[in-house]
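> Have a look at this one before I ask anything.
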Amino acid sequence: MVSTGRPRDPEVDRRIARAALDLFGDAGWAGFAMETVARRAGVGKASLYLRWNSKEALLTDALTGSLPHVSDVDTGTLHGDLVELATQILDVYAGPSSRAALRLQLEAAKIPGIAEHYAATREAQIQAARGIVQRGIARGELPAATSVTLLLNTVIGGAMMHALTTPPEKRAALAAETGVQARRLVDFLWSR
């Protein structure tokens, strides 16, 4: 009988992912080190190297598994879909991983292994968002001549700027009510 060793502890994996995202958000790629992640997670460095062979692999897994993603939604109405889209954006930029998400926007292209993954993820997210608006046009909820890009820039930009300009002492409250804030944004745009 071959022993496979002790099973991995999902709680340790979560702590490591959280520590990796927090460190990346705080220090960027230049300050991202396996030893520092291990210390922040309260685990030995060997625990990290048993799971990941490089800091690129660790950060990729942490970002993929823990960072909220923008995805296609279909609530049946464009208004509902835009509220869900704005909620997703607020979750990314106002949630616990917001600093890592911002840092990723700034540094992804310079990080080996991350750049390609991030570019593919961004492209999928853009296509999902465009699909939401294009479905609304196809259902007759918007005129055919509607600029998909301008509408998405307005919704996504509005949600993102709201998250980024919220004072630090009010961020927890915003993170707890992203759906409410998203609805307010879309309702405001919808009434114009």
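Going by the structure tokens order, chains are called A, B, ..., each with residues numbered from 1, while ligands are numbered from 1 in the order shown.
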Could you name the residues that touch region 74-91 of chain A at 10 Å or less, counting only C-alpha atoms, but leaving out those on the same chain fewer than 2 positions away, as a PyMOL selection string?
chain A and resi 67-72+93-98+128-129+131-137+139-142+151-152+155-164+174-187+189-190
> Tell me which of A:Ala57, A:Val73, A:Ala109, A:Ala100 sits closest to Ala19 (chain A), counting only C-alpha atoms.
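Ranked by minimum distance to Ala19 (chain A), first place goes to A:Ala100.
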> Between A:Ile111, A:Ile16, A:Ala172, A:Ala120, which residue has the minimum interatomic distance to Trp52 (chain A), considering only C-alpha atoms?
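Closest to Trp52 (chain A) of all the choices is A:Ile16.
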> Would you please extract all helix (DSSP H, G or I) residues from region 118-185 of chain A, as assigned by DSSP on the backbone, and give them as a ChimeraX atom specification?
/A:118-138,148-165,168-176,178-185
> Pick out the residues sitting within 10 Å of Ala46 (chain A), and hand them over as number ranges by chain; count only C-alpha atoms, and ignore anything fewer than 4 positions along from it in its own chain.
A: 34-35, 38, 50-52
> Output C-alpha atoms for every residue in that selection, as a short mmCIF file (atom, residue, chain, number, x, y, z; two decimals), in the first residue's frame.

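See part_2.cif below for the written result:
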```cif
data_model
loop_
_atom_site.label_atom_id
_atom_site.label_comp_id
_atom_site.auth_asym_id
_atom_site.auth_seq_id
_atom_site.Cartn_x
_atom_site.Cartn_y
_atom_site.Cartn_z
CA MET A 34 7.11 33.16 -0.54
CA GLU A 35 8.68 33.65 2.90
CA ALA A 38 4.21 31.96 4.70
CA LEU A 50 4.71 21.59 -1.35
CA ARG A 51 1.75 23.28 -3.03
CA TRP A 52 3.41 25.69 -5.51
#
```
